>>> print(open('upload-v7.tsv').read())   # TSV, C-alpha atoms
chain	number	residue	atom	x	y	z
A	1	MET	CA	77.29	72.74	110.62
A	2	LYS	CA	80.74	71.64	109.43
A	3	TYR	CA	81.06	72.68	105.81
A	4	LEU	CA	80.83	75.97	103.96
A	5	ASP	CA	77.90	75.00	101.73
A	6	GLU	CA	75.77	74.39	104.79
A	7	PHE	CA	76.00	78.09	105.62
A	8	SER	CA	74.11	78.82	102.38
A	9	ASN	CA	71.41	76.20	102.88
A	10	PRO	CA	68.16	77.67	101.46
A	11	GLU	CA	65.84	75.85	103.88
A	12	SER	CA	67.81	77.12	106.88
A	13	ALA	CA	67.82	80.62	105.36
A	14	LYS	CA	64.05	80.46	104.92
A	15	ARG	CA	63.57	79.49	108.57
A	16	LEU	CA	65.76	82.35	109.77
A	17	LEU	CA	63.91	84.82	107.55
A	18	GLU	CA	60.58	83.61	108.95
A	19	GLN	CA	61.91	84.17	112.47
A	20	ILE	CA	63.10	87.67	111.56
A	21	HIS	CA	59.70	88.55	110.06
A	22	ALA	CA	57.89	87.13	113.09
A	23	ALA	CA	60.05	89.12	115.52
A	24	THR	CA	59.77	92.45	113.71
A	25	THR	CA	57.01	94.84	114.75
A	26	ARG	CA	58.49	98.20	113.68
A	27	PRO	CA	61.24	99.72	111.50
A	28	TRP	CA	64.88	99.28	112.51
A	29	ALA	CA	68.17	100.43	111.01
A	30	MET	CA	71.33	98.44	111.62
A	31	MET	CA	74.82	98.82	110.18
A	32	GLU	CA	76.97	95.99	108.90
A	33	VAL	CA	80.45	97.29	109.61
A	34	CYS	CA	82.41	95.16	107.16
A	35	GLY	CA	82.55	95.54	103.38
A	36	GLY	CA	82.80	91.76	103.05
A	37	GLN	CA	79.43	91.49	104.76
A	38	THR	CA	78.05	94.17	102.44
A	39	HIS	CA	79.07	92.16	99.38
A	40	SER	CA	77.49	89.00	100.81
A	41	ILE	CA	74.27	90.89	101.61
A	42	ILE	CA	73.97	92.42	98.13
A	43	ARG	CA	75.12	89.28	96.29
A	44	HIS	CA	72.52	87.09	97.98
A	45	GLY	CA	69.78	89.73	98.05
A	46	ILE	CA	69.45	89.49	101.81
A	47	ASP	CA	68.45	93.14	102.18
A	48	GLN	CA	65.54	92.57	99.79
A	49	LEU	CA	64.19	89.64	101.81
A	50	LEU	CA	63.94	91.48	105.13
A	51	PRO	CA	60.69	92.89	106.53
A	52	ASP	CA	59.66	96.32	105.28
A	53	GLY	CA	61.38	98.98	107.32
A	54	VAL	CA	64.33	96.86	108.43
A	55	GLU	CA	67.24	98.62	106.77
A	56	LEU	CA	70.85	97.53	106.47
A	57	ILE	CA	73.17	100.54	106.41
A	58	HIS	CA	76.51	99.85	104.79
A	59	GLY	CA	79.39	100.80	107.05
A	60	PRO	CA	82.97	102.00	106.55
A	61	GLY	CA	84.56	98.59	107.03
A	62	CYS	CA	86.51	98.39	103.79
A	63	PRO	CA	90.24	98.90	104.41
A	64	VAL	CA	90.96	99.94	100.85
A	65	CYS	CA	88.12	102.48	100.83
A	66	VAL	CA	89.10	104.26	104.05
A	67	THR	CA	92.83	104.53	103.33
A	68	PRO	CA	93.24	108.32	103.27
A	69	LEU	CA	93.98	110.10	100.04
A	70	GLU	CA	97.13	111.61	101.51
A	71	ILE	CA	98.56	108.14	102.19
A	72	ILE	CA	97.65	107.04	98.66
A	73	ASP	CA	99.49	110.06	97.28
A	74	ARG	CA	102.49	109.29	99.48
A	75	ALA	CA	102.47	105.73	98.19
A	76	LEU	CA	102.47	107.06	94.62
A	77	ALA	CA	105.38	109.39	95.38
A	78	ILE	CA	107.45	106.62	96.97
A	79	ALA	CA	106.65	104.08	94.24
A	80	ALA	CA	107.81	106.52	91.54
A	81	ARG	CA	111.27	106.89	93.06
A	82	PRO	CA	114.20	105.12	91.37
A	83	GLY	CA	115.67	102.24	93.34
A	84	VAL	CA	112.34	101.44	95.05
A	85	ILE	CA	110.38	98.21	94.77
A	86	PHE	CA	106.87	99.11	95.95
A	87	CYS	CA	104.80	96.10	97.05
A	88	SER	CA	101.07	96.00	97.64
A	89	PHE	CA	98.07	93.72	97.58
A	90	GLY	CA	96.41	93.94	94.18
A	91	ASP	CA	93.28	95.78	95.23
A	92	MET	CA	95.26	98.94	96.06
A	93	LEU	CA	96.69	99.36	92.56
A	94	ARG	CA	93.59	100.89	91.00
A	95	VAL	CA	92.59	103.06	93.95
A	96	PRO	CA	92.68	106.64	92.67
A	97	GLY	CA	94.95	109.17	94.29
A	98	SER	CA	94.71	112.89	93.61
A	99	SER	CA	95.88	112.53	90.02
A	100	GLN	CA	96.81	108.90	89.29
A	101	ASP	CA	97.00	105.39	90.74
A	102	LEU	CA	99.71	102.77	91.28
A	103	PHE	CA	99.01	101.22	87.87
A	104	SER	CA	99.83	104.58	86.32
A	105	VAL	CA	103.11	104.71	88.23
A	106	LYS	CA	103.89	101.18	87.11
A	107	SER	CA	103.13	101.97	83.47
A	108	ALA	CA	105.44	104.98	83.71
A	109	GLY	CA	108.33	102.73	84.77
A	110	GLY	CA	107.90	102.45	88.54
A	111	ASP	CA	108.71	99.04	90.03
A	112	VAL	CA	105.29	98.29	91.55
A	113	ARG	CA	104.66	94.65	92.40
A	114	VAL	CA	101.61	92.73	93.63
A	115	VAL	CA	102.36	90.38	96.51
A	116	TYR	CA	100.14	87.96	98.39
A	117	SER	CA	101.75	88.40	101.79
A	118	PRO	CA	103.90	91.03	103.50
A	119	LEU	CA	106.45	88.26	103.95
A	120	ASP	CA	106.76	88.15	100.13
A	121	ALA	CA	107.91	91.78	100.29
A	122	LEU	CA	110.40	90.96	103.02
A	123	LYS	CA	111.74	88.12	100.83
A	124	LEU	CA	112.17	90.60	97.97
A	125	ALA	CA	114.12	92.89	100.28
A	126	ARG	CA	116.51	90.06	101.21
A	127	GLU	CA	116.94	89.16	97.53
A	128	ASN	CA	117.56	92.78	96.48
A	129	PRO	CA	119.87	94.31	99.10
A	130	ASP	CA	120.73	97.21	96.76
A	131	ARG	CA	117.05	98.27	96.46
A	132	GLU	CA	114.59	99.77	98.94
A	133	VAL	CA	111.51	97.54	99.31
A	134	VAL	CA	108.34	99.12	100.68
A	135	PHE	CA	105.16	97.27	101.63
A	136	PHE	CA	101.84	99.13	101.68
A	137	GLY	CA	100.41	98.07	105.05
A	138	ILE	CA	96.72	98.90	105.13
A	139	GLY	CA	93.70	97.37	106.79
A	140	PHE	CA	91.85	96.77	110.02
A	141	GLU	CA	92.79	94.63	113.00
A	142	THR	CA	92.45	91.63	110.68
A	143	THR	CA	95.52	92.26	108.52
A	144	ALA	CA	97.64	94.16	111.03
A	145	PRO	CA	99.12	91.10	112.82
A	146	ALA	CA	100.77	89.77	109.63
A	147	ASN	CA	102.26	93.18	108.92
A	148	ALA	CA	103.44	93.49	112.50
A	149	MET	CA	105.05	90.06	112.30
A	150	THR	CA	106.84	91.05	109.08
A	151	VAL	CA	108.36	94.18	110.64
A	152	TYR	CA	109.33	92.12	113.68
A	153	GLN	CA	111.07	89.62	111.38
A	154	ALA	CA	112.80	92.40	109.42
A	155	LYS	CA	114.28	93.73	112.65
A	156	ARG	CA	115.24	90.28	113.92
A	157	LEU	CA	116.94	89.39	110.62
A	158	GLY	CA	118.60	92.79	110.23
A	159	VAL	CA	116.90	93.57	106.89
A	160	ARG	CA	117.46	97.33	106.73
A	161	ASN	CA	116.20	97.92	103.16
A	162	PHE	CA	112.62	96.98	104.08
A	163	SER	CA	110.00	99.46	105.29
A	164	LEU	CA	106.25	99.64	105.85
A	165	LEU	CA	103.92	102.42	104.71
A	166	VAL	CA	101.37	102.14	107.51
A	167	SER	CA	97.67	102.95	107.24
A	168	HIS	CA	96.01	100.64	109.74
A	169	VAL	CA	92.65	101.56	111.25
A	170	LEU	CA	90.62	100.31	114.20
A	171	VAL	CA	86.91	99.48	114.28
A	172	PRO	CA	85.76	100.49	117.82
A	173	PRO	CA	86.72	104.20	117.46
A	174	ALA	CA	84.87	104.24	114.13
A	175	ILE	CA	81.73	102.93	115.85
A	176	SER	CA	82.01	105.78	118.35
A	177	ALA	CA	82.44	108.31	115.55
A	178	ILE	CA	79.37	106.96	113.74
A	179	MET	CA	77.21	107.05	116.86
A	180	GLU	CA	78.30	110.59	117.75
A	181	SER	CA	77.55	111.96	114.29
A	182	ALA	CA	74.60	114.38	114.15
A	183	THR	CA	73.25	112.46	111.14
A	184	CYS	CA	73.48	108.99	112.69
A	185	ARG	CA	70.51	106.69	112.07
A	186	VAL	CA	72.18	103.48	113.25
A	187	GLN	CA	70.35	101.60	116.00
A	188	ALA	CA	72.49	98.45	116.09
A	189	PHE	CA	75.67	96.96	114.63
A	190	LEU	CA	76.62	93.69	112.97
A	191	ALA	CA	80.26	93.58	114.07
A	192	ALA	CA	82.88	92.15	111.71
A	193	GLY	CA	83.67	88.57	112.65
A	194	HIS	CA	87.23	88.52	111.31
A	195	VAL	CA	88.19	91.62	113.30
A	196	CYS	CA	86.81	90.00	116.44
A	197	SER	CA	88.65	86.76	115.67
A	198	VAL	CA	91.84	88.74	116.30
A	199	MET	CA	90.78	91.25	118.96
A	200	GLY	CA	88.03	89.33	120.75
A	201	THR	CA	84.90	91.06	121.99
A	202	ALA	CA	86.11	92.88	125.09
A	203	GLU	CA	86.11	96.31	123.42
A	204	TYR	CA	82.41	96.15	122.53
A	205	PRO	CA	80.41	96.00	125.82
A	206	PRO	CA	81.42	99.59	126.79
A	207	LEU	CA	80.26	100.79	123.36
A	208	ALA	CA	76.96	98.91	123.58
A	209	GLU	CA	76.36	100.39	127.03
A	210	LYS	CA	77.43	103.97	126.20
A	211	TYR	CA	75.36	104.24	123.01
A	212	ARG	CA	72.65	101.77	124.06
A	213	VAL	CA	72.98	99.79	120.83
A	214	PRO	CA	73.01	96.01	120.33
A	215	ILE	CA	76.27	94.72	118.82
A	216	VAL	CA	76.16	91.23	117.34
A	217	VAL	CA	79.41	89.67	116.12
A	218	THR	CA	78.55	88.25	112.71
A	219	GLY	CA	80.22	86.11	110.06
A	220	PHE	CA	80.10	86.41	106.29
A	221	GLU	CA	78.05	83.54	104.86
A	222	PRO	CA	74.30	84.04	104.24
A	223	LEU	CA	73.21	82.12	107.32
A	224	ASP	CA	75.80	83.95	109.45
A	225	ILE	CA	74.35	87.29	108.40
A	226	LEU	CA	70.74	86.22	108.79
A	227	GLU	CA	71.46	84.91	112.28
A	228	GLY	CA	73.18	88.20	113.14
A	229	ILE	CA	70.17	90.15	111.88
A	230	ARG	CA	67.76	87.87	113.75
A	231	ARG	CA	69.59	88.35	117.05
A	232	THR	CA	69.83	92.10	116.47
A	233	VAL	CA	66.12	92.46	115.74
A	234	VAL	CA	65.21	90.43	118.84
A	235	GLN	CA	67.37	92.68	121.02
A	236	LEU	CA	65.92	95.85	119.50
A	237	GLU	CA	62.37	94.63	119.94
A	238	GLU	CA	63.06	93.69	123.58
A	239	GLY	CA	64.81	96.99	124.31
A	240	ARG	CA	68.14	95.32	125.10
A	241	HIS	CA	71.61	96.55	124.08
A	242	GLU	CA	74.06	93.71	124.61
A	243	VAL	CA	77.03	92.17	122.84
A	244	GLU	CA	76.33	88.73	121.37
A	245	ASN	CA	78.65	86.41	119.50
A	246	ALA	CA	76.86	84.87	116.50
A	247	TYR	CA	80.16	83.69	115.01
A	248	PRO	CA	81.47	81.33	117.70
A	249	ARG	CA	83.24	79.02	115.25
A	250	ALA	CA	85.82	81.79	114.66
A	251	VAL	CA	85.54	84.27	117.53
A	252	ARG	CA	86.46	83.82	121.17
A	253	GLU	CA	85.88	86.47	123.79
A	254	GLU	CA	89.60	86.78	124.54
A	255	GLY	CA	90.62	86.94	120.84
A	256	ASN	CA	93.91	85.73	119.42
A	257	LEU	CA	96.32	86.39	122.27
A	258	PRO	CA	99.63	85.85	120.38
A	259	ALA	CA	98.45	88.15	117.58
A	260	MET	CA	97.41	90.83	120.06
A	261	GLU	CA	100.78	90.58	121.80
A	262	MET	CA	102.56	91.08	118.47
A	263	LEU	CA	100.39	94.13	117.73
A	264	ARG	CA	101.19	95.68	121.11
A	265	ASP	CA	104.91	95.13	120.51
A	266	VAL	CA	105.17	96.58	116.99
A	267	PHE	CA	102.43	99.23	116.84
A	268	GLU	CA	101.07	102.03	118.97
A	269	VAL	CA	97.66	103.70	118.73
A	270	THR	CA	97.45	107.04	116.94
A	271	ASP	CA	94.91	109.42	115.48
A	272	ARG	CA	94.05	108.44	111.91
A	273	THR	CA	92.26	110.11	109.02
A	274	TRP	CA	89.69	107.95	107.22
A	275	ARG	CA	89.08	108.69	103.56
A	276	GLY	CA	85.66	110.23	103.07
A	277	ILE	CA	85.07	110.54	106.81
A	278	GLY	CA	87.87	112.59	108.33
A	279	MET	CA	90.07	112.27	111.36
A	280	ILE	CA	88.92	109.91	114.11
A	281	PRO	CA	90.91	110.16	117.35
A	282	ARG	CA	92.91	107.07	118.32
A	283	SER	CA	91.51	105.09	115.40
A	284	GLY	CA	94.75	103.82	113.86
A	285	TRP	CA	98.10	102.22	114.41
A	286	ARG	CA	101.60	103.46	113.61
A	287	LEU	CA	104.93	101.82	114.20
A	288	ALA	CA	106.11	102.00	117.80
A	289	PRO	CA	109.36	103.87	118.55
A	290	GLY	CA	111.29	100.59	118.71
A	291	TYR	CA	110.43	99.94	115.03
A	292	ALA	CA	110.48	103.53	113.70
A	293	GLU	CA	113.46	102.75	111.43
A	294	PHE	CA	111.04	100.65	109.31
A	295	ASP	CA	108.58	103.54	108.81
A	296	ALA	CA	108.50	104.35	105.07
A	297	GLU	CA	107.10	107.84	105.70
A	298	GLN	CA	110.15	108.75	107.75
A	299	ARG	CA	112.60	106.98	105.47
A	300	PHE	CA	111.39	108.70	102.29
A	301	ASP	CA	110.37	112.12	103.64
A	302	VAL	CA	107.12	112.41	101.66
A	303	THR	CA	105.70	115.41	103.44
A	304	GLY	CA	104.03	118.38	101.78
A	305	ILE	CA	101.51	116.28	99.85
A	306	HIS	CA	98.56	118.33	98.54
A	307	THR	CA	95.47	116.21	97.98
A	308	ALA	CA	92.41	116.78	95.80
A	309	GLU	CA	89.33	114.54	95.82
A	310	SER	CA	87.04	114.27	92.81
A	311	ALA	CA	84.24	116.85	93.01
A	312	LEU	CA	81.79	114.26	91.65
A	313	CYS	CA	82.58	111.45	94.07
A	314	ARG	CA	80.24	110.92	97.07
A	315	SER	CA	82.03	107.87	98.47
A	316	GLY	CA	82.42	109.61	101.81
A	317	GLU	CA	78.65	109.71	102.21
A	318	VAL	CA	78.44	106.05	101.15
A	319	LEU	CA	81.05	105.11	103.76
A	320	GLN	CA	79.05	106.89	106.47
A	321	GLY	CA	75.82	105.18	105.43
A	322	LEU	CA	74.21	108.49	104.47
A	323	ILE	CA	73.40	107.42	100.91
A	324	LYS	CA	73.24	104.17	98.97
A	325	PRO	CA	75.80	103.85	96.15
A	326	HIS	CA	73.25	104.22	93.34
A	327	GLU	CA	72.05	107.50	94.86
A	328	CYS	CA	75.30	109.12	93.71
A	329	ALA	CA	74.72	110.79	90.33
A	330	ALA	CA	78.08	109.52	89.02
A	331	PHE	CA	77.32	105.85	89.82
A	332	GLY	CA	77.66	103.72	86.68
A	333	LYS	CA	78.26	106.82	84.54
A	334	GLU	CA	81.39	108.85	85.26
A	335	CYS	CA	82.28	106.28	87.97
A	336	THR	CA	82.66	102.60	87.04
A	337	PRO	CA	85.03	99.81	88.16
A	338	ARG	CA	87.14	100.50	85.05
A	339	ASN	CA	87.21	104.24	85.73
A	340	PRO	CA	86.58	104.71	89.47
A	341	LEU	CA	86.27	108.13	91.02
A	342	GLY	CA	86.50	106.72	94.54
A	343	ALA	CA	87.88	103.65	96.28
A	344	THR	CA	84.39	102.33	97.07
A	345	MET	CA	83.92	101.55	93.37
A	346	VAL	CA	87.22	99.73	92.82
A	347	SER	CA	87.73	97.84	96.09
A	348	SER	CA	86.63	94.22	96.25
A	349	GLU	CA	84.89	95.13	99.52
A	350	GLY	CA	83.55	98.52	98.42
A	351	ALA	CA	79.81	99.15	98.64
A	352	CYS	CA	79.72	100.86	95.23
A	353	ALA	CA	81.48	97.88	93.67
A	354	ALA	CA	78.91	95.54	95.25
A	355	TYR	CA	75.96	97.47	93.82
A	356	HIS	CA	77.66	97.77	90.42
A	357	THR	CA	78.43	94.04	90.30
A	358	TYR	CA	75.13	92.64	91.58
A	359	ARG	CA	72.48	95.36	91.16
A	360	ARG	CA	73.56	97.53	88.21
A	361	LEU	CA	71.12	96.17	85.65
A	362	GLU	CA	68.27	96.15	88.15
A	363	LEU	CA	69.00	99.75	89.14
A	364	VAL	CA	69.23	100.91	85.53
A	365	GLU	CA	65.83	99.36	84.74
A	366	ALA	CA	64.30	101.01	87.80
A	367	LYS	CA	65.32	104.53	86.64
>>> encode(input="upload-v7.tsv", output="structure tokens")
Amino acid sequence: MKYLDEFSNPESAKRLLEQIHAATTRPWAMMEVCGGQTHSIIRHGIDQLLPDGVELIHGPGCPVCVTPLEIIDRALAIAARPGVIFCSFGDMLRVPGSSQDLFSVKSAGGDVRVVYSPLDALKLARENPDREVVFFGIGFETTAPANAMTVYQAKRLGVRNFSLLVSHVLVPPAISAIMESATCRVQAFLAAGHVCSVMGTAEYPPLAEKYRVPIVVTGFEPLDILEGIRRTVVQLEEGRHEVENAYPRAVREEGNLPAMEMLRDVFEVTDRTWRGIGMIPRSGWRLAPGYAEFDAEQRFDVTGIHTAESALCRSGEVLQGLIKPHECAAFGKECTPRNPLGATMVSSEGACAAYHTYRRLELVEAK
């Protein structure tokens, strides 16, 4: 297949579904790691077409959703300071902190700007040498290379009024944390194709072997996901636990070597707290000592932050796959995309947002 539409072909989808039904003899539970996959699954109703007992558990793979509350509050504190231009991708502006969000800071007079690339923030820094320009660098292995490249360029060009508020997280340690949880029901993983397009697949065989779970690298279109599910079911039925690449048009085993080299130069691995989940050892990146001068947390001294999550929000349980979004009592009531209690409702990759966008009316009628 060469074109995007072909990856939504209904006849091909029907054939894959028939193969999945034919291969399934018992219940299985598999987790799609990425929020983009979750949205595709819910949007196209893939979960409703699977055999009875085959369950897709929505994973924590939404970078906006897992950005810890403490970092959000630090971002709010920095953005409110005079002389600061705070830059972010748009989906972070409505993510609630302990008491407000970046839109609130902007409406109160803070210079908060939406950019489409970290290089846009670096350009702003060069155009405004009398201002401090901060970029909110969040995300998984997918977005980290562009942020690393921007810091590298800032250092090379001598742009000293640019800094990065870093909250990058890594997928493999999260898989370990999920599998070692006492409440884990996951028997297999659909690994995020875009993460693997950067990092390759070398990190996954040890995980598949240690936890005896199949891991199938999967894309984001309907046929990508169905093929990932098909391969996963076949492995589970045959008692195998191997790593398979069902997204070969984007993922190579060795990954993107120049991007990985840039990551190793600019970042170093650190412990990282995930919102709604807690601290996962060695699950994040921070700036390496050679780039510490571009660390916004050090530059602005935003320590002593006291955080407070909403008592009604159960997004942490959603992120761990313990409940479905509509099983939260606040879903669609106190918590909506216009008034989110948690990031999973406001993020474009959040599971709660997916259910609210594509299933809300259906869920309301079912109650």
>>> closest_residue(input="upload-v7.tsv", among="A:Val198, A:Phe300, A:Glu334, A:Leu226", to="Arg81 of chain A", atoms="only C-alpha atoms")
A:Phe300
>>> atom_distance(input="upload-v7.tsv", atom1="atom CA of Ala208 of chain A", atom2="atom CA of Glu18 of chain A")
26.8 Å
>>> residues_near_point(input="upload-v7.tsv", point="(68.2, 90.3, 101.3)", cutoff="12 Å", atoms="only C-alpha atoms", output="ChimeraX atom specification")
/A:13-14,16-17,20,37-52,54-56,222-223,225-226,229
>>> closest_residue(input="upload-v7.tsv", among="A:Leu157, A:Met262, A:Met31, A:Leu165", to="Pro145 of chain A", atoms="only C-alpha atoms")
A:Met262
>>> closest_residue(input="upload-v7.tsv", among="A:Arg131, A:His356, A:Arg252, A:Arg240", to="Thr201 of chain A", atoms="all atoms listed in the file")
A:Arg252
>>> closest_residue(input="upload-v7.tsv", among="A:Val159, A:Val151, A:Val95, A:Ala246", to="Arg126 of chain A", atoms="all atoms listed in the file")
A:Val159
>>> closest_residue(input="upload-v7.tsv", among="A:Arg230, A:Arg272, A:His241, A:Lys106", to="Glu209 of chain A", atoms="all atoms listed in the file")
A:His241
>>> closest_residue(input="upload-v7.tsv", among="A:Glu141, A:Glu327, A:Glu349, A:Glu221", to="Cys34 of chain A", atoms="all atoms listed in the file")
A:Glu349
>>> atom_distance(input="upload-v7.tsv", atom1="atom CA of Glu32 of chain A", atom2="atom CA of Asp101 of chain A")
28.6 Å
>>> atom_distance(input="upload-v7.tsv", atom1="atom CA of Ile323 of chain A", atom2="atom CA of Thr218 of chain A")
23.1 Å
>>> residues_around(input="upload-v7.tsv", residues="Lys324 of chain A", least_positions_apart="3", cutoff="12 Å", atoms="all atoms listed in the file", output="number ranges by chain")
A: 38, 42, 55-59, 314-321, 327-329, 331, 344, 350-356, 359, 363
>>> decode(input="upload-v7.tsv", residues="segment 166-179 of chain A", atoms="C-alpha atoms", output="mmCIF file, in the first residue's frame")
data_model
loop_
_atom_site.group_PDB
_atom_site.id
_atom_site.type_symbol
_atom_site.label_atom_id
_atom_site.label_comp_id
_atom_site.auth_asym_id
_atom_site.auth_seq_id
_atom_site.Cartn_x
_atom_site.Cartn_y
_atom_site.Cartn_z
ATOM 1 C CA VAL A 166 12.088 19.707 30.335
ATOM 2 C CA SER A 167 9.533 16.979 30.995
ATOM 3 C CA HIS A 168 10.482 14.190 28.617
ATOM 4 C CA VAL A 169 9.512 10.606 29.404
ATOM 5 C CA LEU A 170 10.554 7.204 28.069
ATOM 6 C CA VAL A 171 8.300 4.302 27.092
ATOM 7 C CA PRO A 172 10.301 1.152 28.044
ATOM 8 C CA PRO A 173 10.540 1.997 31.795
ATOM 9 C CA ALA A 174 6.790 2.659 31.773
ATOM 10 C CA ILE A 175 6.175 -0.818 30.332
ATOM 11 C CA SER A 176 8.229 -2.265 33.181
ATOM 12 C CA ALA A 177 6.263 -0.246 35.740
ATOM 13 C CA ILE A 178 2.956 -1.442 34.273
ATOM 14 C CA MET A 179 4.025 -5.088 34.270
#
